[in-house]
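Notes to accompany the following structure.
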Amino acid sequence: MPALVLLGAQWGDEGKGKATDLLGGSVDYVVRYQGGNNAGHTVVVGDQKYALHLLPSGILSPECTPVIGNGVVVDPSVLFSELNGLNERGVDTSKLLISGNAHIITPYNVTVDKVTERFLGKRKIGTTGRGIGPTYADKINRVGIRIQDLYDESILTQKVEAALDGKNQLLTKVFNRRAIEAGKVVEELLSYADRLKPYVADTVLVLNRALEDDKVVLFEGGQGTLLDIDHGTYPFVTSSNPTAGGACTGAGVGPTKISRVIGILKAYTTRVGSGPFPTELFDEDGEALRRIGGERGVTTGRDRRCGWFDAVIARYATRVNGLTDFFLTKLDVLTGWEQIPVCVAYEIDGKRVEELPYSQTDFHHAKPVYETLPGWSEDITSAKSFSDLPKNAQNYVKALEEMSGAPISAIGVGPGRDETIEINSFL
Ligand code: GDP
Ligand code: IMO
Ligand code: MG
């Protein structure tokens, strides 16, 4: 029975944490399937605010089992500090399950991430510096360290040595850094083994059995469609597949099991880090979106780049993810603008283009073609149903839905759990 995927339809920070938390009370499992602690998911429950990086947002719903799937990269020190932080606030984290096949972000992966960015200079990606790219690179190069390796010291030592052989050459000869001692890394990694042990499980078996037993499983994506290593604005992307297919490989569940794919879509657009962003604003409107929307990174504290809604991107997200629904977030942030521009197409080298160009060069040249929709000034944060919204807000939502290619089934009008208008039920 139902397996739902919930993912970012833009460049991340669309409000996935809030949406996952909202559904968390009605689902049996919430599974992270890719990424790591580069994510920053904010969940507001009553007067409590939680910032989750690695843990699935379902951890805040007591009935729900949170799962870290095989496709995630895990920094054990971050995991423990996140667990400690939640335990101190009275959250029970004992149900957490972690795949033994998930790869570990080692200290040298974090070092390589940082020195690579420094050496790229002006061409840097603007990564979160958490070791994400180098850890996935090690996985693909078959020199990665998995959680299960912590339970065989001899294998762990061999693997760390193999991983460091090449890296130390690079660190010392290219990057001018000191070599990293394999023994010290092994010692650090082994120090995590006992505390991790109770959480380690065959999550593929657990999740497939759960689905056979008619349990509801929600897959929570990190990052967003345009940050996908295959379908995003490469090379200005993250190193995993946040798109819907990533849920299958990153959790070991077949595509025939997925019944619904929900794209989280901000009512405007933001991006953190480098890379093209056609609707980016450099004026007071951009500044106002940043201020009113609180657009500052949860993980790195960097200001987010802000711009108007881009329907070309939303249509693209519908296509590459097979979206069945959108959850439109932060509509309340747009309150007060007399006119709201929406990008409906691009102009590329003098030609109008309706769909996302596959050429990186073309995308760098894309200029937004705007249609302007009338705004509203009424406070909408207490709206409970679609009809509570002012007419112009209703029309804005309807216009976005028409342009984006999938129904908008929920609308966020504030950060809190209850600040949501449900149009079609997700379950
Ligand atoms: P995520 O990475 O996709 O989980 O998103 P982030 O947590 O990084 O950023 C989304 C921000 O918007 C958080 O501060 C949320 O609390 C907040 N948020 C989510 N939905 C809404 C909404 O509908 N309205 C408002 N005003 N804030 C929201
Ligand atoms: P959530 O889950 C927004 C961006 C970084 C950088 C690029 C690569 O909160 O939506 P990485 O450290 O992953 O190698 O950095 O991806 N990035 C995010 N931007 N939200 C995120 O996560 C992000 N995770 C990574 O800023 O541009
Ligand atoms: Mg975020």
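Lettering and numbering for the structure tokens are positional, with chains as A, B, ... in the shown order, residues counted from 1 in each chain, and ligands counted from 1 in the shown order.
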
Contacts between ligand 1 and chain A, please, where a residue of chain A counts if it comes within 6 Å (with only C-alpha atoms and all ligand atoms); show its shortest atom pair and distance in Å to one decimal, rows by chain and ascending number, as CSV.
```
residue,atom,partner,partner_atom_place_in_ligand_line,distance
A:Gly12,CA,ligand 1,3 (O),5.5
A:Asp13,CA,ligand 1,5 (O),3.3
A:Glu14,CA,ligand 1,3 (O),4.0
A:Gly15,CA,ligand 1,3 (O),3.6
A:Lys16,CA,ligand 1,3 (O),3.6
A:Gly17,CA,ligand 1,4 (O),3.6
A:Lys18,CA,ligand 1,19 (C),5.6
A:Gly40,CA,ligand 1,2 (O),4.8
A:His41,CA,ligand 1,4 (O),3.4
A:Thr42,CA,ligand 1,7 (O),3.5
A:Val43,CA,ligand 1,16 (O),5.7
A:Gly293,CA,ligand 1,26 (N),5.9
A:Val298,CA,ligand 1,8 (O),5.6
A:Thr329,CA,ligand 1,23 (O),4.1
A:Lys330,CA,ligand 1,24 (N),3.5
A:Asp332,CA,ligand 1,26 (N),5.8
A:Val333,CA,ligand 1,26 (N),5.7
A:Gly412,CA,ligand 1,23 (O),3.2
A:Val413,CA,ligand 1,23 (O),4.2
A:Gly414,CA,ligand 1,24 (N),3.3
A:Pro415,CA,ligand 1,28 (C),3.7
```

Worksheet item: Running DSSP on the backbone, which parts of stretch 89-251 of chain A land in strand (DSSP E or B), as an NGL selection string?
Response: :A and (97-99 or 103-104 or 146 or 200-201 or 217-220)

Practice prompt. May I ask for the distance between atom CA of A:Gln10 and atom CA of A:Glu220, given in Å to one decimal place?
Written response: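 Interatomic distance, atom CA of A:Gln10 to atom CA of A:Glu220: 14.8 Å.
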
Item to complete: May I ask which of the residues A:Glu287, A:Asp202, A:Asp194, A:Asp113 is the closest one to A:Gly252, counting only C-alpha atoms?
Response: A:Asp202

Discussion item. Give me the residues near A:Ile145 as a VMD selection string, where near means some atom within 9 Å (using only C-alpha atoms) and where sequence neighbours in that chain fewer than 6 positions away do not count.
Written reply: chain A and resid 102 to 106 135 138 to 139 156 159 to 160 163

How would the residues just chosen look if you wrote them out with all heavy atoms as an mmCIF file, in the first residue's frame?
```cif
data_model
loop_
_atom_site.group_PDB
_atom_site.id
_atom_site.type_symbol
_atom_site.label_atom_id
_atom_site.label_comp_id
_atom_site.auth_asym_id
_atom_site.auth_seq_id
_atom_site.Cartn_x
_atom_site.Cartn_y
_atom_site.Cartn_z
ATOM 1 N N ALA A 102 24.462 2.468 4.363
ATOM 2 C CA ALA A 102 24.675 3.914 4.207
ATOM 3 C C ALA A 102 26.163 4.211 4.351
ATOM 4 O O ALA A 102 26.862 3.580 5.164
ATOM 5 C CB ALA A 102 23.880 4.680 5.252
ATOM 6 N N HIS A 103 26.647 5.150 3.566
ATOM 7 C CA HIS A 103 28.071 5.492 3.623
ATOM 8 C C HIS A 103 28.340 6.536 4.699
ATOM 9 O O HIS A 103 27.487 7.366 5.006
ATOM 10 C CB HIS A 103 28.541 5.984 2.251
ATOM 11 C CG HIS A 103 28.796 4.852 1.304
ATOM 12 N ND1 HIS A 103 30.043 4.550 0.809
ATOM 13 C CD2 HIS A 103 27.959 3.908 0.803
ATOM 14 C CE1 HIS A 103 29.955 3.484 0.037
ATOM 15 N NE2 HIS A 103 28.699 3.083 0.002
ATOM 16 N N ILE A 104 29.561 6.459 5.242
ATOM 17 C CA ILE A 104 29.947 7.373 6.323
ATOM 18 C C ILE A 104 30.722 8.557 5.743
ATOM 19 O O ILE A 104 31.614 8.381 4.903
ATOM 20 C CB ILE A 104 30.832 6.630 7.358
ATOM 21 C CG1 ILE A 104 30.015 5.520 8.018
ATOM 22 C CG2 ILE A 104 31.398 7.594 8.389
ATOM 23 C CD1 ILE A 104 30.781 4.726 9.053
ATOM 24 N N ILE A 105 30.361 9.753 6.194
ATOM 25 C CA ILE A 105 31.175 10.937 5.872
ATOM 26 C C ILE A 105 32.339 10.925 6.852
ATOM 27 O O ILE A 105 32.157 11.107 8.053
ATOM 28 C CB ILE A 105 30.357 12.236 6.032
ATOM 29 C CG1 ILE A 105 29.110 12.209 5.133
ATOM 30 C CG2 ILE A 105 31.239 13.454 5.741
ATOM 31 C CD1 ILE A 105 28.211 13.437 5.273
ATOM 32 N N THR A 106 33.530 10.653 6.346
ATOM 33 C CA THR A 106 34.715 10.576 7.221
ATOM 34 C C THR A 106 35.317 11.974 7.355
ATOM 35 O O THR A 106 35.032 12.854 6.540
ATOM 36 C CB THR A 106 35.769 9.645 6.590
ATOM 37 O OG1 THR A 106 36.110 10.212 5.313
ATOM 38 C CG2 THR A 106 35.244 8.239 6.399
ATOM 39 N N THR A 135 32.221 12.207 -0.271
ATOM 40 C CA THR A 135 31.744 10.917 0.251
ATOM 41 C C THR A 135 31.019 10.138 -0.850
ATOM 42 O O THR A 135 31.234 8.933 -1.025
ATOM 43 C CB THR A 135 30.810 11.129 1.469
ATOM 44 O OG1 THR A 135 31.522 11.904 2.433
ATOM 45 C CG2 THR A 135 30.386 9.809 2.082
ATOM 46 N N ASP A 138 33.637 8.841 -3.234
ATOM 47 C CA ASP A 138 34.261 7.603 -2.728
ATOM 48 C C ASP A 138 33.341 6.407 -2.947
ATOM 49 O O ASP A 138 33.796 5.317 -3.289
ATOM 50 C CB ASP A 138 34.568 7.737 -1.231
ATOM 51 C CG ASP A 138 35.884 8.477 -0.979
ATOM 52 O OD1 ASP A 138 36.515 8.924 -1.960
ATOM 53 O OD2 ASP A 138 36.271 8.608 0.201
ATOM 54 N N LYS A 139 32.041 6.611 -2.742
ATOM 55 C CA LYS A 139 31.077 5.520 -2.943
ATOM 56 C C LYS A 139 31.144 5.040 -4.400
ATOM 57 O O LYS A 139 31.271 3.839 -4.668
ATOM 58 C CB LYS A 139 29.673 6.032 -2.601
ATOM 59 C CG LYS A 139 28.544 5.067 -2.884
ATOM 60 C CD LYS A 139 27.206 5.668 -2.433
ATOM 61 C CE LYS A 139 26.033 4.791 -2.828
ATOM 62 N NZ LYS A 139 24.755 5.290 -2.290
ATOM 63 N N LEU A 156 37.631 -2.505 8.044
ATOM 64 C CA LEU A 156 37.594 -1.043 8.154
ATOM 65 C C LEU A 156 38.992 -0.457 7.916
ATOM 66 O O LEU A 156 39.160 0.502 7.149
ATOM 67 C CB LEU A 156 37.064 -0.635 9.541
ATOM 68 C CG LEU A 156 37.034 0.866 9.803
ATOM 69 C CD1 LEU A 156 35.976 1.554 8.939
ATOM 70 C CD2 LEU A 156 36.739 1.172 11.282
ATOM 71 N N LYS A 159 39.987 -0.608 4.318
ATOM 72 C CA LYS A 159 39.244 0.340 3.480
ATOM 73 C C LYS A 159 39.706 1.772 3.696
ATOM 74 O O LYS A 159 39.811 2.550 2.746
ATOM 75 C CB LYS A 159 37.743 0.211 3.746
ATOM 76 C CG LYS A 159 37.163 -1.074 3.188
ATOM 77 C CD LYS A 159 35.653 -1.095 3.256
ATOM 78 C CE LYS A 159 35.128 -2.333 2.541
ATOM 79 N NZ LYS A 159 33.672 -2.444 2.592
ATOM 80 N N VAL A 160 39.949 2.121 4.955
ATOM 81 C CA VAL A 160 40.403 3.496 5.227
ATOM 82 C C VAL A 160 41.777 3.706 4.582
ATOM 83 O O VAL A 160 42.046 4.749 3.973
ATOM 84 C CB VAL A 160 40.442 3.779 6.750
ATOM 85 C CG1 VAL A 160 41.144 5.103 7.049
ATOM 86 C CG2 VAL A 160 39.029 3.807 7.322
ATOM 87 N N ALA A 163 41.313 4.182 0.898
ATOM 88 C CA ALA A 163 40.728 5.498 0.577
ATOM 89 C C ALA A 163 41.765 6.600 0.735
ATOM 90 O O ALA A 163 41.773 7.578 -0.021
ATOM 91 C CB ALA A 163 39.536 5.769 1.487
#
```

Item to complete: For ligand 2, list the contacting residues at 8 Å or closer, counting only C-alpha atoms and all ligand atoms, as an MDAnalysis selection string.
Response: chainID A and resid 8 11:16 35 37:41 53 113 125:133 221:224 227 236:239 271:275 297:299

Worksheet item: What does the distance from atom CA of A:Gln158 to atom CA of A:Val185 come to in Å, to one decimal?
Response: 11.8 Å

Fill in: helix (DSSP H, G or I) positions in stretch 253-407 of chain A, given as a PyMOL selection string
chain A and resi 255-257+284-293+311-321+331-334+360-365+386-388+391-404

Worksheet item: Within 8 Å of stretch 403-411 of chain A, counting only C-alpha atoms, which residues qualify if same-chain residues fewer than 3 places away don't, as a list in words?
Response: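 Listing them by chain and then by number gives Ala311, Val312, Ala314, Arg315, Thr318, Leu323, Thr324, Asp325, Phe326, Phe327, Leu328, Thr329, Lys330, Leu331, Val344, Val397, Ala399, Leu400, Thr420, Ile421, Glu422, Ile423, Asn424, Ser425 and Phe426 of chain A.
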
Worksheet entry | Distance in Å - atom CA of A:Ile348 versus atom CA of A:Pro235 |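 Separating atom CA of A:Ile348 from atom CA of A:Pro235 is a distance of 20.2 Å.
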
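Checking A:Gln394, A:Asn321, A:Thr203, A:Ser191 one by one against A:Ala244, counting only C-alpha atoms, you find the shortest gap at A:Asn321.
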
Discussion item. Residues within 9 Å of A:Val30, please, as a PyMOL selection string. Count only C-alpha atoms; anything in the same chain fewer than 4 positions from it doesn't count.
Written reply: chain A and resi 20+24+56-59+64-68+216-220

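Between ligand 3 and the candidates A:Thr335, A:Thr270, A:Asn84, A:Ser99, the tightest atom-to-atom separation, counting only C-alpha atoms and all ligand atoms, involves A:Thr270.
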